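Remarks on the structure that follows.
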Amino acid sequence: MPAVWVVMPAAGRGTRFGGELPKQYLQVGGQPLFAHTLAALFAHPAVAGAVVAVSQNDADWPGWREFAGKPVLSCVGGATRAESVLAGLNALPETVRADDFVLVHDAARPNLALADLEQLLERGGNDPVGAILAAPVRDTLKRAGDDGGIDATEPRQRLWRAFTPQLFRRLQLSRALESAAAAGVEVTDEAMAMERLGHRPLLIEGSENNFKITTPADLARFEFVLRQRREQGTGNGG
């Protein structure tokens, strides 16, 4: 797999998490949360560097230029995830060509397994469109009525939960995000933008441990994982 860069949207305020400090800057194990995310990504030799999209006048961004020996760039993100990802794509170095693959990964998803990243790069990099990490839906799904009662049980076959990283070509993804914005469609992940243009990214099954920090309970879960990993003397196994 040729070298790839990462775009990391980190301009959100994490309103669901609560608190004054955005969750990506919360200290975990002596480092901000997004540092653990960068470490998981940079553990793969094919990952060359990252662009982090931060909010305007972000006083919490430490201004890093490198991490783990690899370059870290920053840019001003937007009001939505899609705007931040597009800003990050535009801020990539000139060495990243239009048809080169780029990873997009959540800043608050620090428990990415190296084996999952390897699968994504290997299989997605051989696809004309790209791929995302995801997991099949295993729970029974219920559709709720307005009164809170159950209206129906939904079939879960062929349903997947989308994770990140997501791997797409720089120009294709930029055009997909621009098209969605022009149509007034707020996409919730990069694959959705690609789907609008008729592209069919691969679904690559990844570990359920690649969870996103959304609530304080999620943060406590990652702290527990981190303590276990350090006590066992292991790296990031997801």
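Residue names in the structure tokens use chain letters A, B, ... in the order shown, residue numbers from 1 in each chain, and ligand numbers from 1 in the order shown.
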
Open item on the list: So that I can see what lies close to stretch 191-196 of chain A, please list as a PyMOL selection string the residues with an atom at most 8 Å from it, counting only C-alpha atoms and leaving out residues fewer than 3 positions away in the same chain.
Closed with: chain A and resi 132+166+172-173+176-177+179-180+187-188+199-201

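Considering only stretch 32-100 of chain A, backbone DSSP assigns strand (DSSP E or B) to A:Pro32, A:Val47, A:Ala48, A:Gly49, A:Ala50, A:Val51, A:Val52, A:Ala53, A:Val54, A:Glu66, A:Phe67, A:Lys70, A:Pro71, A:Val72, A:Leu73, A:Ser74, A:Cys75, A:Val76.
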
Task: Distance query A:Arg161 at most 10 Å, only C-alpha atoms, self and fewer than 4 positions along chain excluded, as a VMD selection string - done: chain A and resid 133 to 138 203 205 208

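Of the listed residues A:Gln24, A:Gly206, A:Ala50, A:Ile150, the one whose atoms come nearest to A:Glu66 is A:Ala50, with distances taken using only C-alpha atoms.
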
Task: Among listed residues A:Gln228, A:Asn209, A:Thr37, A:Asn57, nearest A:Arg109 (using only C-alpha atoms) - done: A:Thr37

Open item on the list: Give me, as a list in words, all polymer residues having an atom no more than 12 Å from A:Asn126, counting only C-alpha atoms and skipping those fewer than 5 positions away in the same chain.
Closed with: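 Counting only C-alpha atoms, the residues come to Met1, Pro2, Asp100, Phe101, Gln119, Leu120, Leu121, Ala131, Leu167, Phe168, Arg169, Pro201 and Leu202 of chain A.
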
Open item on the list: Neighbouring residues of A:Thr95 were defined as those with any atom within 12 Å, considering only C-alpha atoms; residues of the same chain fewer than 3 positions away were excluded. Please report them as a PyMOL selection string.
Closed with: chain A and resi 3-5+48-49+91-92+98-101+170

File dump, residues just selected, C-alpha atoms, as a tab-separated table (two decimals), in the first residue's frame:
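Writing done, so here's again-v6.tsv:
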```
chain	number	residue	atom	x	y	z
A	3	ALA	CA	1.74	6.06	1.75
A	4	VAL	CA	-1.57	7.57	2.88
A	5	TRP	CA	-2.46	10.67	4.83
A	48	ALA	CA	2.53	9.21	6.39
A	49	GLY	CA	0.94	12.04	8.38
A	91	ALA	CA	-5.12	21.31	3.41
A	92	LEU	CA	-3.32	18.10	2.47
A	98	ALA	CA	-5.96	13.70	-6.75
A	99	ASP	CA	-6.26	9.92	-7.16
A	100	ASP	CA	-4.36	9.02	-3.98
A	101	PHE	CA	-6.28	7.35	-1.18
A	170	ARG	CA	-8.86	12.53	-2.46
```

Task: Interatomic distance, atom CA of A:Ser55 to atom CA of A:Gly184 (Å, one decimal) - done: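 Between atom CA of A:Ser55 and atom CA of A:Gly184 the gap works out to 21.7 Å.
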
- [ ] Provide the atom CA of A:Pro93 to atom CA of A:Asp58 distance in Å, to one decimal place.
- [x]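 Separation of atom CA of A:Pro93 and atom CA of A:Asp58: 22.0 Å.
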